[in-house]
Structure formats: C-alpha cells, structure tokens
$ cat my_file.cif   # mmCIF, C-alpha atoms and all ligand atoms
data_model
#
loop_
_atom_site.group_PDB
_atom_site.id
_atom_site.type_symbol
_atom_site.label_atom_id
_atom_site.label_comp_id
_atom_site.auth_asym_id
_atom_site.auth_seq_id
_atom_site.Cartn_x
_atom_site.Cartn_y
_atom_site.Cartn_z
ATOM 1 C CA MET X 63 19.592 12.872 -10.330
ATOM 2 C CA GLU X 64 21.452 9.572 -9.708
ATOM 3 C CA PRO X 65 19.234 6.622 -8.706
ATOM 4 C CA LYS X 66 19.655 5.574 -5.067
ATOM 5 C CA LYS X 67 19.707 2.147 -3.448
ATOM 6 C CA PRO X 68 17.008 1.101 -0.952
ATOM 7 C CA GLN X 69 19.771 0.558 1.617
ATOM 8 C CA ALA X 70 20.467 4.305 1.606
ATOM 9 C CA SER X 71 17.034 4.993 3.073
ATOM 10 C CA LYS X 72 17.012 2.121 5.578
ATOM 11 C CA THR X 73 15.803 3.349 8.946
ATOM 12 C CA ILE X 74 15.628 1.307 12.138
ATOM 13 C CA LEU X 75 13.694 2.445 15.188
ATOM 14 C CA THR X 76 13.911 0.313 18.345
ATOM 15 C CA ASP X 77 11.778 1.094 21.385
ATOM 16 C CA THR X 78 9.885 -0.632 24.168
ATOM 17 C CA VAL X 79 6.160 -0.699 25.031
ATOM 18 C CA LEU X 80 5.226 1.378 28.098
ATOM 19 C CA PRO X 81 1.929 1.038 30.067
ATOM 20 C CA SER X 82 0.619 4.362 28.660
ATOM 21 C CA GLU X 83 0.987 2.945 25.100
ATOM 22 C CA THR X 84 -1.228 -0.135 25.595
ATOM 23 C CA ASN X 85 -4.914 -0.976 25.218
ATOM 24 C CA ALA X 86 -7.312 -2.595 27.741
ATOM 25 C CA ILE X 87 -5.642 -6.009 27.342
ATOM 26 C CA HIS X 88 -2.138 -4.607 27.907
ATOM 27 C CA THR X 89 -0.894 -4.955 24.356
ATOM 28 C CA LEU X 90 0.450 -2.154 22.160
ATOM 29 C CA PHE X 91 -2.297 0.290 21.041
ATOM 30 C CA GLY X 92 -2.658 0.217 17.229
ATOM 31 C CA GLY X 93 -2.518 4.019 16.903
ATOM 32 C CA GLU X 94 0.770 4.089 18.804
ATOM 33 C CA LEU X 95 2.282 1.572 16.410
ATOM 34 C CA LEU X 96 0.972 3.558 13.427
ATOM 35 C CA ALA X 97 2.655 6.697 14.795
ATOM 36 C CA ARG X 98 5.979 4.857 15.251
ATOM 37 C CA MET X 99 5.746 3.432 11.721
ATOM 38 C CA ASP X 100 4.932 6.883 10.274
ATOM 39 C CA ARG X 101 7.958 8.337 12.077
ATOM 40 C CA ALA X 102 10.379 5.652 10.817
ATOM 41 C CA ALA X 103 8.945 5.709 7.278
ATOM 42 C CA SER X 104 9.115 9.499 7.063
ATOM 43 C CA ILE X 105 12.823 9.376 7.964
ATOM 44 C CA ALA X 106 13.387 6.737 5.233
ATOM 45 C CA ALA X 107 11.553 8.947 2.693
ATOM 46 C CA LYS X 108 13.576 11.970 3.784
ATOM 47 C CA ARG X 109 16.831 10.002 3.483
ATOM 48 C CA HIS X 110 15.917 8.924 -0.049
ATOM 49 C CA SER X 111 14.686 12.268 -1.334
ATOM 50 C CA GLY X 112 16.792 14.692 0.700
ATOM 51 C CA GLN X 113 13.652 16.846 0.901
ATOM 52 C CA ILE X 114 10.804 17.688 3.265
ATOM 53 C CA VAL X 115 8.281 14.833 3.077
ATOM 54 C CA VAL X 116 4.605 14.501 4.010
ATOM 55 C CA THR X 117 2.541 11.352 4.448
ATOM 56 C CA ALA X 118 0.167 11.134 1.473
ATOM 57 C CA SER X 119 -1.427 7.768 2.188
ATOM 58 C CA VAL X 120 -1.404 4.726 4.459
ATOM 59 C CA ASN X 121 -1.852 2.031 1.819
ATOM 60 C CA HIS X 122 -1.785 -1.126 3.870
ATOM 61 C CA VAL X 123 -1.393 -2.199 7.494
ATOM 62 C CA ALA X 124 -1.625 -5.747 8.810
ATOM 63 C CA PHE X 125 -1.697 -6.174 12.586
ATOM 64 C CA LYS X 126 -0.871 -9.886 12.474
ATOM 65 C CA HIS X 127 0.170 -10.379 16.100
ATOM 66 C CA SER X 128 -0.376 -8.331 19.235
ATOM 67 C CA VAL X 129 2.641 -6.821 20.986
ATOM 68 C CA PRO X 130 2.688 -7.303 24.789
ATOM 69 C CA LEU X 131 3.568 -4.607 27.328
ATOM 70 C CA GLY X 132 7.340 -4.439 27.885
ATOM 71 C CA SER X 133 8.220 -5.884 24.446
ATOM 72 C CA ILE X 134 11.224 -4.640 22.525
ATOM 73 C CA VAL X 135 9.866 -3.477 19.163
ATOM 74 C CA THR X 136 12.030 -2.860 16.094
ATOM 75 C CA ILE X 137 10.640 -1.034 13.093
ATOM 76 C CA GLU X 138 12.518 -1.198 9.776
ATOM 77 C CA ALA X 139 11.496 1.185 6.998
ATOM 78 C CA LYS X 140 12.928 1.353 3.467
ATOM 79 C CA VAL X 141 11.838 3.118 0.286
ATOM 80 C CA SER X 142 10.525 0.423 -2.074
ATOM 81 C CA ARG X 143 9.936 2.621 -5.132
ATOM 82 C CA ALA X 144 10.234 6.258 -6.123
ATOM 83 C CA PHE X 145 8.004 7.892 -8.740
ATOM 84 C CA LYS X 146 8.129 11.616 -9.692
ATOM 85 C CA SER X 147 7.583 13.220 -6.292
ATOM 86 C CA SER X 148 6.057 10.306 -4.384
ATOM 87 C CA MET X 149 7.701 7.320 -2.722
ATOM 88 C CA GLU X 150 6.360 4.037 -1.469
ATOM 89 C CA VAL X 151 7.887 3.000 1.872
ATOM 90 C CA TYR X 152 7.721 -0.571 3.180
ATOM 91 C CA ILE X 153 7.702 -1.053 6.940
ATOM 92 C CA ASP X 154 8.440 -4.336 8.740
ATOM 93 C CA VAL X 155 7.894 -4.644 12.488
ATOM 94 C CA TRP X 156 9.718 -7.170 14.669
ATOM 95 C CA VAL X 157 9.454 -8.074 18.350
ATOM 96 C CA ASP X 158 12.248 -9.722 20.391
ATOM 97 C CA ASN X 159 11.094 -13.131 21.573
ATOM 98 C CA LYS X 160 11.963 -13.491 25.279
ATOM 99 C CA THR X 161 12.616 -17.237 25.206
ATOM 100 C CA SER X 162 14.163 -17.916 21.799
ATOM 101 C CA LYS X 163 16.020 -14.551 21.761
ATOM 102 C CA LYS X 164 15.073 -14.331 18.069
ATOM 103 C CA SER X 165 13.043 -11.505 16.492
ATOM 104 C CA VAL X 166 9.526 -12.395 15.355
ATOM 105 C CA LYS X 167 7.833 -10.413 12.586
ATOM 106 C CA VAL X 168 4.503 -9.080 13.888
ATOM 107 C CA ASN X 169 3.437 -6.445 11.429
ATOM 108 C CA GLU X 170 3.901 -5.049 7.929
ATOM 109 C CA ALA X 171 2.754 -1.776 6.435
ATOM 110 C CA ILE X 172 3.051 0.326 3.294
ATOM 111 C CA PHE X 173 2.931 4.122 3.358
ATOM 112 C CA THR X 174 3.220 6.725 0.581
ATOM 113 C CA PHE X 175 5.173 9.948 1.096
ATOM 114 C CA VAL X 176 5.468 12.983 -1.164
ATOM 115 C CA ALA X 177 8.562 15.217 -1.260
ATOM 116 C CA VAL X 178 7.605 18.897 -1.098
ATOM 117 C CA ASP X 179 9.261 22.303 -1.015
ATOM 118 C CA ASP X 180 8.743 24.724 1.867
ATOM 119 C CA LYS X 181 5.433 25.835 0.337
ATOM 120 C CA GLY X 182 4.114 22.234 0.202
ATOM 121 C CA THR X 183 4.479 21.909 -3.582
ATOM 122 C CA PRO X 184 5.608 18.428 -4.778
ATOM 123 C CA VAL X 185 9.220 18.278 -6.042
ATOM 124 C CA LEU X 186 11.141 15.739 -8.147
ATOM 125 C CA ILE X 187 13.086 12.990 -6.370
ATOM 126 C CA PRO X 188 15.795 10.452 -7.359
ATOM 127 C CA GLN X 189 14.678 7.079 -8.727
ATOM 128 C CA LEU X 190 15.259 3.843 -6.797
ATOM 129 C CA ALA X 191 17.565 1.020 -7.940
ATOM 130 C CA PRO X 192 16.475 -2.134 -6.095
ATOM 131 C CA GLU X 193 19.114 -4.838 -5.458
ATOM 132 C CA SER X 194 17.921 -7.819 -3.406
ATOM 133 C CA GLU X 195 15.202 -10.234 -4.515
ATOM 134 C CA GLN X 196 12.790 -8.794 -1.951
ATOM 135 C CA GLU X 197 13.581 -5.208 -2.995
ATOM 136 C CA ILE X 198 12.925 -6.092 -6.659
ATOM 137 C CA GLN X 199 9.652 -7.843 -5.786
ATOM 138 C CA ARG X 200 8.417 -4.876 -3.739
ATOM 139 C CA PHE X 201 9.534 -2.442 -6.481
ATOM 140 C CA GLN X 202 7.589 -4.356 -9.133
ATOM 141 C CA GLY X 203 4.320 -4.312 -7.146
ATOM 142 C CA ALA X 204 4.538 -0.634 -6.232
ATOM 143 C CA LEU X 205 2.972 0.868 -9.369
ATOM 144 C CA ARG X 206 -0.072 -1.381 -8.952
ATOM 145 C CA ARG X 207 -0.411 -0.291 -5.308
ATOM 146 C CA LYS X 208 0.007 3.388 -6.281
ATOM 147 C CA GLN X 209 -2.791 3.063 -8.808
ATOM 148 C CA LEU X 210 -5.051 1.357 -6.248
ATOM 149 C CA SER X 211 -4.334 4.117 -3.725
ATOM 150 C CA LEU X 212 -5.102 6.837 -6.297
ATOM 151 C CA VAL X 213 -8.344 5.125 -7.366
ATOM 152 C CA LEU X 214 -9.458 4.803 -3.723
ATOM 153 C CA ALA X 215 -8.580 8.475 -3.106
ATOM 154 C CA GLY X 216 -10.687 9.482 -6.125
ATOM 155 C CA LYS X 217 -7.574 10.822 -7.919
ATOM 156 C CA MET X 218 -7.553 8.271 -10.751
ATOM 157 C CA LYS X 219 -10.324 6.649 -12.773
ATOM 158 C CA ALA X 220 -10.468 2.854 -12.403
ATOM 159 C CA GLN X 221 -10.331 2.541 -16.229
ATOM 160 C CA GLU X 222 -6.933 4.309 -16.229
ATOM 161 C CA ALA X 223 -5.408 1.934 -13.642
ATOM 162 C CA THR X 224 -3.726 -0.296 -16.241
ATOM 163 C CA GLU X 225 -1.418 -2.183 -13.841
ATOM 164 C CA LEU X 226 -4.308 -2.877 -11.504
ATOM 165 C CA LYS X 227 -6.579 -4.073 -14.293
ATOM 166 C CA ALA X 228 -3.858 -6.434 -15.566
ATOM 167 C CA LEU X 229 -4.156 -8.356 -12.279
ATOM 168 C CA PHE X 230 -7.669 -9.451 -13.155
ATOM 169 C CA LYS X 231 -6.958 -10.565 -16.738
HETATM 170 C C1 LIG A 301 0.326 14.753 -0.443
HETATM 171 C C2 LIG A 301 0.119 16.075 -1.188
HETATM 172 C C3 LIG A 301 1.412 16.895 -1.158
HETATM 173 C C4 LIG A 301 -0.223 15.735 -2.640
HETATM 174 O O1 LIG A 301 -0.528 16.955 -3.275
HETATM 175 P P1 LIG A 301 -1.342 16.985 -4.668
HETATM 176 O O2 LIG A 301 -1.779 18.339 -4.894
HETATM 177 O O3 LIG A 301 -2.326 15.850 -4.689
HETATM 178 O O4 LIG A 301 -0.174 16.742 -5.649
HETATM 179 P P2 LIG A 301 -0.152 15.830 -6.928
HETATM 180 O O5 LIG A 301 -1.500 15.482 -7.444
HETATM 181 O O6 LIG A 301 0.829 16.474 -7.855
HETATM 182 O O7 LIG A 301 0.505 14.499 -6.362
HETATM 183 C C5 LIG A 301 1.856 14.453 -5.987
HETATM 184 C C6 LIG A 301 2.253 13.006 -5.969
HETATM 185 O O8 LIG A 301 1.584 12.350 -4.909
HETATM 186 C C7 LIG A 301 0.921 11.201 -5.407
HETATM 187 N N1 LIG A 301 -0.257 11.006 -4.582
HETATM 188 C C8 LIG A 301 -1.158 11.938 -4.202
HETATM 189 N N2 LIG A 301 -2.110 11.354 -3.455
HETATM 190 C C9 LIG A 301 -1.808 10.051 -3.366
HETATM 191 C C10 LIG A 301 -2.414 8.928 -2.755
HETATM 192 N N3 LIG A 301 -3.536 9.052 -2.053
HETATM 193 N N4 LIG A 301 -1.827 7.723 -2.885
HETATM 194 C C11 LIG A 301 -0.686 7.571 -3.591
HETATM 195 N N5 LIG A 301 -0.053 8.606 -4.198
HETATM 196 C C12 LIG A 301 -0.616 9.819 -4.077
HETATM 197 C C13 LIG A 301 0.600 11.546 -6.847
HETATM 198 O O9 LIG A 301 0.352 10.391 -7.611
HETATM 199 C C14 LIG A 301 1.883 12.247 -7.248
HETATM 200 O O10 LIG A 301 2.870 11.269 -7.439
HETATM 201 P P3 LIG A 301 4.098 11.454 -8.493
HETATM 202 O O11 LIG A 301 4.504 12.902 -8.482
HETATM 203 O O12 LIG A 301 5.180 10.596 -7.935
HETATM 204 O O13 LIG A 301 3.613 10.968 -9.799
HETATM 205 C C15 LIG A 301 -1.053 16.917 -0.580
HETATM 206 O O14 LIG A 301 -2.267 16.205 -0.763
HETATM 207 C C16 LIG A 301 -0.853 17.189 0.894
HETATM 208 O O15 LIG A 301 -0.094 18.095 1.261
HETATM 209 N N6 LIG A 301 -1.547 16.443 1.761
HETATM 210 C C17 LIG A 301 -1.413 16.589 3.200
HETATM 211 C C18 LIG A 301 -0.172 15.836 3.689
HETATM 212 C C19 LIG A 301 -0.119 15.803 5.187
HETATM 213 O O16 LIG A 301 -0.358 16.799 5.839
HETATM 214 N N7 LIG A 301 0.207 14.619 5.733
HETATM 215 C C20 LIG A 301 0.217 14.411 7.127
HETATM 216 C C21 LIG A 301 -1.111 13.910 7.549
HETATM 217 S S1 LIG A 301 -1.564 14.518 9.102
#
$ encode --input "my_file.cif" --output "structure tokens" --more "lines below"
Ligand SMILES: CC(C)(COP(=O)(O)OP(=O)(O)OC[C@H]1O[C@@H](n2cnc3c(N)ncnc32)[C@H](O)[C@@H]1OP(=O)(O)O)[C@@H](O)C(=O)NCCC(=O)NCCS
Amino acid sequence: MEPKKPQASKTILTDTVLPSETNAIHTLFGGELLARMDRAASIAAKRHSGQIVVTASVNHVAFKHSVPLGSIVTIEAKVSRAFKSSMEVYIDVWVDNKTSKKSVKVNEAIFTFVAVDDKGTPVLIPQLAPESEQEIQRFQGALRRKQLSLVLAGKMKAQEATELKALFK
C-alpha cells in the first residue's frame, strides 16, 4: 500500500451552537463538542484507510476556552500517524471571533481509530507520509502517545513502553 499524505484525510466540519447544545451558562456542552470531534475524526480516519473505522481511544482533550451560544465552530481533523491497523487523528477546534473576524483556536484533541472489516477484525492500513513541520512534529510524538494509551488501557506493560520511558531519561 502506498503511503498517504495527511492532507488526503483532512476533514473540516463547520457548524453553529444551538440552545439545545449548551450547558447552564449558555456555552457549548463538552459532550456535544466531543461528539462533533469524533464525527470529524472518524471521517478523516476513513479517508486515510478507506475502511470502516471505530473509535478505540480518546487520548487527549483540552477544553481551553468556552464556546458561546451562537458561535460558528470549525473542527479540523487530520490523521497524524498510521500504525498497522490503528491511526492517531489530531483535531483542532476554531471559533469565529465576532469582532476581529479571525478564527480563534479554542480546543485540541487526539483520538485513536482502528480500521476493521465488516466483522470488526482489525485490518492493515496505508502508512502516513507527513509533510509540514507541524505534521512531522505530530507524527514523531504519536508512538509515545500510543504507548501511553495502551499502558493506561492495560494492553501494554509500562516496562515495554520504550518511547514513553525515553521521555524520563
Ligand atoms: C478498537 C478494537 C477494534 C481493538 O480491537 P483489539 O482486539 O484490541 O485489537 P488489537 O489488540 O489487534 O488492536 C488493534 C490496534 O488497535 C490498537 N489499540 C487498541 N486499543 C488501543 C488503545 N486503547 N489506544 C491506542 N491504540 C489501541 C492496537 O495497538 C492495535 O494497533 P496496530 O494494529 O496499529 O498496531 C476493539 O477494542 C473494539 O472494537 N472496540 C470497540 C470500538 C467501538 O465500538 N468504538 C465506539 C465506541 S462507542
């Protein structure tokens, strides 16, 4: 399988915030944002792998800024690294600023997806060939994050997490 560029999986989802999607202080409910990120990221993973994909793990979410009712929210998801059957997907969330007309980054998240066949068995996927400086940086950190996720899920022994251990040396 030919390696694919991150750009090939790039997925952009733009939507607004309705009253039914907010919390008691009229800002976007965290679970609603998680669902939107999962949707965008799953499309990116599907575009990269060309297969059915399932969410295996939510590795990191940072709700840096709240998102007011009525905001225009743009979610950008791109595969940041592909392994055998699993993919890391990076998600950046932006909100249109009413006064400056510029987009402000409010949130970042990292999800892991696994490509599966119609019986749910993991299948092989193409590798990723990062291009930009940011894509290379995210690619390089992905193995460490995969190992952390597997250790936390009880699927890898901490002693075997070589990339993770190297951080502390
Ligand atoms: C995700 C799933 C397919 C993994 O199945 P599995 O039997 O653990 O398969 P494997 O152990 O072969 O793992 C498959 C890949 O997923 C990776 N993986 C599994 N769990 C992971 C985790 N928690 N974090 C990161 N990667 C994970 C493995 O490292 C492996 O990666 P690789 O093939 O790229 O090396 C299976 O657990 C599943 O179907 N889960 C439910 C998914 C779902 O319903 N999601 C929606 C939530 S409502």
$ atom_distance --input "my_file.cif" --atom1 "CA of Lys126 (chain X)" --atom2 "CA of Leu90 (chain X)"
12.5 Å
$ resolve_selection --input "my_file.cif" --expression "the PyMOL selection byres (((chain X and resi 73) around 12) and not hetatm)" --output "PDB file with C-alpha atoms, keeping the file's coordinate frame"
ATOM      1  CA  PRO X  68      17.008   1.101  -0.952  1.00  0.00           C
ATOM      2  CA  GLN X  69      19.771   0.558   1.617  1.00  0.00           C
ATOM      3  CA  ALA X  70      20.467   4.305   1.606  1.00  0.00           C
ATOM      4  CA  SER X  71      17.034   4.993   3.073  1.00  0.00           C
ATOM      5  CA  LYS X  72      17.012   2.121   5.578  1.00  0.00           C
ATOM      6  CA  ILE X  74      15.628   1.307  12.138  1.00  0.00           C
ATOM      7  CA  LEU X  75      13.694   2.445  15.188  1.00  0.00           C
ATOM      8  CA  THR X  76      13.911   0.313  18.345  1.00  0.00           C
ATOM      9  CA  ARG X  98       5.979   4.857  15.251  1.00  0.00           C
ATOM     10  CA  MET X  99       5.746   3.432  11.721  1.00  0.00           C
ATOM     11  CA  ASP X 100       4.932   6.883  10.274  1.00  0.00           C
ATOM     12  CA  ARG X 101       7.958   8.337  12.077  1.00  0.00           C
ATOM     13  CA  ALA X 102      10.379   5.652  10.817  1.00  0.00           C
ATOM     14  CA  ALA X 103       8.945   5.709   7.278  1.00  0.00           C
ATOM     15  CA  SER X 104       9.115   9.499   7.063  1.00  0.00           C
ATOM     16  CA  ILE X 105      12.823   9.376   7.964  1.00  0.00           C
ATOM     17  CA  ALA X 106      13.387   6.737   5.233  1.00  0.00           C
ATOM     18  CA  ALA X 107      11.553   8.947   2.693  1.00  0.00           C
ATOM     19  CA  LYS X 108      13.576  11.970   3.784  1.00  0.00           C
ATOM     20  CA  ARG X 109      16.831  10.002   3.483  1.00  0.00           C
ATOM     21  CA  HIS X 110      15.917   8.924  -0.049  1.00  0.00           C
ATOM     22  CA  THR X 136      12.030  -2.860  16.094  1.00  0.00           C
ATOM     23  CA  ILE X 137      10.640  -1.034  13.093  1.00  0.00           C
ATOM     24  CA  GLU X 138      12.518  -1.198   9.776  1.00  0.00           C
ATOM     25  CA  ALA X 139      11.496   1.185   6.998  1.00  0.00           C
ATOM     26  CA  LYS X 140      12.928   1.353   3.467  1.00  0.00           C
ATOM     27  CA  VAL X 141      11.838   3.118   0.286  1.00  0.00           C
ATOM     28  CA  VAL X 151       7.887   3.000   1.872  1.00  0.00           C
ATOM     29  CA  TYR X 152       7.721  -0.571   3.180  1.00  0.00           C
ATOM     30  CA  ILE X 153       7.702  -1.053   6.940  1.00  0.00           C
ATOM     31  CA  ASP X 154       8.440  -4.336   8.740  1.00  0.00           C
ATOM     32  CA  VAL X 155       7.894  -4.644  12.488  1.00  0.00           C
TER      33      VAL X 155
END
$ resolve_selection --input "my_file.cif" --expression "the PyMOL selection byres (((chain X and resi 65) around 8) and not hetatm)" --output "list in words"
Met63, Glu64, Lys66, Lys67, Pro188, Gln189, Leu190 and Ala191 of chain X
$ atom_distance --input "my_file.cif" --atom1 "CA of Gln221 (chain X)" --atom2 "CA of His122 (chain X)"
22.1 Å
$ axis_aligned_box --input "my_file.cif" --around "ligand LIG 301 (chain A)" --padding-each-side "5 Å" --output "AutoDock Vina command-line options"
--center_x 0.8 --center_y 13.0 --center_z -0.3 --size_x 18.7 --size_y 20.8 --size_z 28.9
$ resolve_selection --input "my_file.cif" --expression "the PyMOL selection byres (((chain X and resi 131) around 10) and not hetatm)" --output "list in words"
Thr78, Val79, Leu80, Pro81, Ser82, Glu83, Thr84, Asn85, Ile87, His88, Thr89, Leu90, Phe91, Ser128, Val129, Pro130, Gly132, Ser133 and Ile134 of chain X
$ atom_distance --input "my_file.cif" --atom1 "CA of Lys219 (chain X)" --atom2 "CA of Phe145 (chain X)"
18.8 Å
$ closest_atom_pairs --input "my_file.cif" --of "chain X" --to "ligand LIG 301 (chain A)" --cutoff "10 Å" --atoms "all atoms listed in the file" --output "CSV"
residue,atom,partner,partner_atom,distance
X:Asp100,CA,A:LIG301,C20,9.4
X:Val115,CA,A:LIG301,C3,8.3
X:Val116,CA,A:LIG301,N7,4.7
X:Thr117,CA,A:LIG301,N7,4.2
X:Ala118,CA,A:LIG301,C1,4.1
X:Ser119,CA,A:LIG301,N3,4.9
X:Val120,CA,A:LIG301,N4,7.9
X:Asn121,CA,A:LIG301,N4,7.4
X:Arg143,CA,A:LIG301,O12,9.7
X:Ala144,CA,A:LIG301,O12,6.9
X:Phe145,CA,A:LIG301,O12,4.0
X:Lys146,CA,A:LIG301,O12,3.6
X:Ser147,CA,A:LIG301,O11,3.8
X:Ser148,CA,A:LIG301,O12,3.7
X:Met149,CA,A:LIG301,O12,6.7
X:Glu150,CA,A:LIG301,C11,8.2
X:Phe173,CA,A:LIG301,C11,8.6
X:Thr174,CA,A:LIG301,C11,5.8
X:Phe175,CA,A:LIG301,C1,7.0
X:Val176,CA,A:LIG301,O8,5.4
X:Ala177,CA,A:LIG301,C3,7.3
X:Val178,CA,A:LIG301,C3,6.5
X:Asp179,CA,A:LIG301,C3,9.5
X:Lys181,CA,A:LIG301,O15,9.6
X:Gly182,CA,A:LIG301,O15,6.0
X:Thr183,CA,A:LIG301,C3,6.4
X:Pro184,CA,A:LIG301,C5,5.6
X:Val185,CA,A:LIG301,O11,7.6
X:Leu186,CA,A:LIG301,O11,7.2
X:Ile187,CA,A:LIG301,O12,8.4
X:Leu205,CA,A:LIG301,C11,9.6
X:Arg207,CA,A:LIG301,C11,8.1
X:Lys208,CA,A:LIG301,C11,5.0
X:Gln209,CA,A:LIG301,C11,7.2
X:Leu210,CA,A:LIG301,N4,7.9
X:Ser211,CA,A:LIG301,N4,4.5
X:Leu212,CA,A:LIG301,N4,4.8
X:Val213,CA,A:LIG301,N3,8.2
X:Leu214,CA,A:LIG301,N3,7.5
X:Ala215,CA,A:LIG301,N3,5.2
X:Gly216,CA,A:LIG301,N3,8.2
X:Lys217,CA,A:LIG301,N2,7.1
X:Met218,CA,A:LIG301,O9,8.8
$ closest_residue --input "my_file.cif" --among "X:Ser142, X:Ala86, X:Ser111, X:Thr161" --to "Gln196 (chain X)" --atoms "all atoms listed in the file"
X:Ser142
